[in-house]
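Only one structure is covered here, and it is reproduced in the block below.
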Amino acid sequence: KDLVNAAEPILTDLAASLEETVSLATLRQGRRILLAEVDGGHAVQARAALSQNYDPYASAGGRLLLAHLAETELEAFLARSGLPERELWPEVATERSLRRALKEIREAGRATRSHREVVGLALPVSDASGVCAALGVFLPAYRFVGDHRQAVLDRTNGAARSLSERFGAERITV
């Protein structure tokens, strides 16, 4: 609850500035948990809650969170959950390709996933102990182009930094 309360003003500001759906998610017991969501102002919206899937492989935020797990936590997750189903992540068929994809996400500092004309973008949010949540933006793919695409990337990055600063300073943990 403290995490969500601290994040809410930043999520609301980001959703209003982009007019897109914004979410905050975390991993708990190997499942992606949506902590908060704020709708944007467009008539056509992509909503994380409507496509809520607890499988971390199914979302940009879940993938980002997996990419930032400690090796022992990733090993435990893989032992419990196995590899993603082919339709969820077609590029990943082996543990080696999964690890390569997760490394690419870590190095890029963000994850994206396009599915059924919806783009999900996720950036890490850290507290004093490391990545604790994923800040996500969901929008129709036709709007994730040009100047708006760059605004989504820039503003989401700024909001993720603001959340991390706030969480690090307050030592909020999930």
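Residue numbering restarts at 1 in every chain; chains get A, B, ... in the order shown in the structure tokens, and ligands count up from 1 in that same order.
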Near-stretch 4-8 of chain A list (10 Å; only C-alpha atoms; drop same-chain fewer than 6 positions) as a list in words
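The residues that qualify are Leu14, Ser23, Leu24, Ala25, Leu35, Ala36, Glu37, Val38, Leu135, Ala159, Ala160, Ser162, Leu163, Ser164, Arg166, Phe167, Glu170, Ile172 and Val174 of chain A.
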Output file for the residues above (C-alpha atoms, as a CSV table (one decimal), in the first residue's frame):
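Output below, filename again16.csv:
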chain,number,residue,atom,x,y,z
A,14,LEU,CA,2.4,10.5,-16.5
A,23,SER,CA,0.6,0.8,-14.7
A,24,LEU,CA,2.9,-0.3,-11.9
A,25,ALA,CA,3.5,-4.1,-11.5
A,35,LEU,CA,-0.4,-2.9,-8.2
A,36,ALA,CA,-1.9,0.2,-9.8
A,37,GLU,CA,-3.3,1.4,-13.1
A,38,VAL,CA,-4.3,4.9,-14.3
A,135,LEU,CA,6.5,1.1,-14.7
A,159,ALA,CA,8.8,9.0,-14.3
A,160,ALA,CA,10.7,5.7,-13.6
A,162,SER,CA,11.4,9.9,-10.1
A,163,LEU,CA,9.8,6.7,-8.7
A,164,SER,CA,13.2,5.2,-8.1
A,166,ARG,CA,11.3,8.4,-4.2
A,167,PHE,CA,11.5,4.7,-3.3
A,170,GLU,CA,11.9,6.3,1.6
A,172,ILE,CA,9.9,1.4,0.4
A,174,VAL,CA,7.5,-4.5,-2.0
Mind listing the alpha helix (DSSP H) residues of chain A, per DSSP on the backbone, as a PyMOL selection string?
chain A and resi 2-18+60-67+71-81+95-108+146-170
Please report, as a Markdown table, each residue of stretch 94-128 of chain A lying at most 12 Å from stretch 26-32 of chain A, together with the nearest pair of atoms and the separation in Å rounded to one decimal; use only C-alpha atoms, and order rows by chain and ascending residue number.
| residue | atom | partner | partner_atom | distance |
| --- | --- | --- | --- | --- |
| A:Ala122 | CA | A:Thr26 | CA | 11.3 |
| A:Leu123 | CA | A:Thr26 | CA | 11.7 |
| A:Pro124 | CA | A:Thr26 | CA | 10.0 |
| A:Val125 | CA | A:Thr26 | CA | 9.6 |
| A:Ser126 | CA | A:Thr26 | CA | 11.0 |
Save the residues we just selected, all heavy atoms, as an mmCIF file, in the first residue's frame?
data_model
loop_
_atom_site.group_PDB
_atom_site.id
_atom_site.type_symbol
_atom_site.label_atom_id
_atom_site.label_comp_id
_atom_site.auth_asym_id
_atom_site.auth_seq_id
_atom_site.Cartn_x
_atom_site.Cartn_y
_atom_site.Cartn_z
ATOM 1 N N ALA A 122 7.838 -1.145 -20.665
ATOM 2 C CA ALA A 122 8.093 -1.207 -19.220
ATOM 3 C C ALA A 122 9.514 -0.775 -18.923
ATOM 4 O O ALA A 122 10.444 -1.134 -19.641
ATOM 5 C CB ALA A 122 7.856 -2.611 -18.694
ATOM 6 N N LEU A 123 9.650 0.011 -17.858
ATOM 7 C CA LEU A 123 10.953 0.446 -17.369
ATOM 8 C C LEU A 123 11.082 0.081 -15.898
ATOM 9 O O LEU A 123 10.081 0.049 -15.177
ATOM 10 C CB LEU A 123 11.117 1.956 -17.549
ATOM 11 C CG LEU A 123 11.475 2.366 -18.972
ATOM 12 C CD1 LEU A 123 10.245 2.592 -19.789
ATOM 13 C CD2 LEU A 123 12.325 3.594 -18.942
ATOM 14 N N PRO A 124 12.319 -0.172 -15.450
ATOM 15 C CA PRO A 124 12.502 -0.590 -14.059
ATOM 16 C C PRO A 124 12.341 0.550 -13.070
ATOM 17 O O PRO A 124 12.711 1.691 -13.335
ATOM 18 C CB PRO A 124 13.940 -1.115 -14.051
ATOM 19 C CG PRO A 124 14.622 -0.399 -15.163
ATOM 20 C CD PRO A 124 13.568 -0.147 -16.206
ATOM 21 N N VAL A 125 11.796 0.193 -11.920
ATOM 22 C CA VAL A 125 11.701 1.087 -10.774
ATOM 23 C C VAL A 125 12.462 0.395 -9.650
ATOM 24 O O VAL A 125 12.224 -0.778 -9.363
ATOM 25 C CB VAL A 125 10.237 1.329 -10.357
ATOM 26 C CG1 VAL A 125 10.163 2.152 -9.088
ATOM 27 C CG2 VAL A 125 9.467 1.995 -11.504
ATOM 28 N N SER A 126 13.378 1.118 -9.043
ATOM 29 C CA SER A 126 14.229 0.523 -8.015
ATOM 30 C C SER A 126 13.972 1.137 -6.653
ATOM 31 O O SER A 126 13.591 2.296 -6.544
ATOM 32 C CB SER A 126 15.708 0.736 -8.368
ATOM 33 O OG SER A 126 16.009 0.118 -9.588
#
Considering only C-alpha atoms, return as a CSV table (one decimal) with C-alpha atoms, in the first residue's frame whatever protein or nucleic-acid residues lie within 9 Å of stretch 92-96 of chain A, sequence-local ones (same chain, fewer than 4 positions apart) excluded.
chain,number,residue,atom,x,y,z
A,78,LEU,CA,12.5,-21.5,-14.2
A,82,GLY,CA,9.5,-23.5,-17.1
A,83,LEU,CA,9.9,-21.7,-20.4
A,84,PRO,CA,7.2,-19.5,-22.0
A,85,GLU,CA,4.5,-20.9,-24.1
A,86,ARG,CA,5.4,-20.5,-27.8
A,100,ARG,CA,19.8,-14.0,-24.0
A,101,ALA,CA,16.5,-12.1,-24.3
Between A:Gly40, A:Ile33, A:Ala67, A:Pro9, which is the closest to A:Asp55 once you count only C-alpha atoms?
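Using only C-alpha atoms, A:Asp55 sits closest to A:Ile33.
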Give the answer as one residue: which of A:Ala70, A:Leu11, A:Val119, A:Cys132 has the shortest atom-to-atom distance to A:Gly168, using only C-alpha atoms?
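Ranking A:Ala70, A:Leu11, A:Val119, A:Cys132 by distance to A:Gly168, first place goes to A:Cys132.
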Just list the residues in chain A DSSP gives strand (DSSP E) on the backbone, as an NGL selection string.
:A and (21-28 or 31-38 or 111-115 or 118-127 or 130-140)
Best match for closeness to A:Gln150 among A:Leu18, A:Leu74, A:Leu102, A:Leu66, counting only C-alpha atoms:
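Nearest to A:Gln150: A:Leu18.
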Which is closest to A:Arg113 among A:Glu165, A:Glu91, A:Asp127, A:Asp39, if we use only C-alpha atoms?
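Of the candidates, the smallest distance to A:Arg113 is held by A:Glu91.
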Using only C-alpha atoms, can you tell me which of A:Leu3, A:Leu88, A:Ala16, A:Ala111 comes closest to A:Leu65?
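For A:Leu65, the nearest of the given residues is A:Ala111.
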So, counting only C-alpha atoms, which residue among A:Gly146, A:Thr156, A:His68, A:Glu107 is closest to A:Val22?
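Answer, going by the shortest atom-to-atom distance: A:Thr156.
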Between atom CA of A:Val131 and atom CA of A:Ser81 lies a distance of 20.8 Å
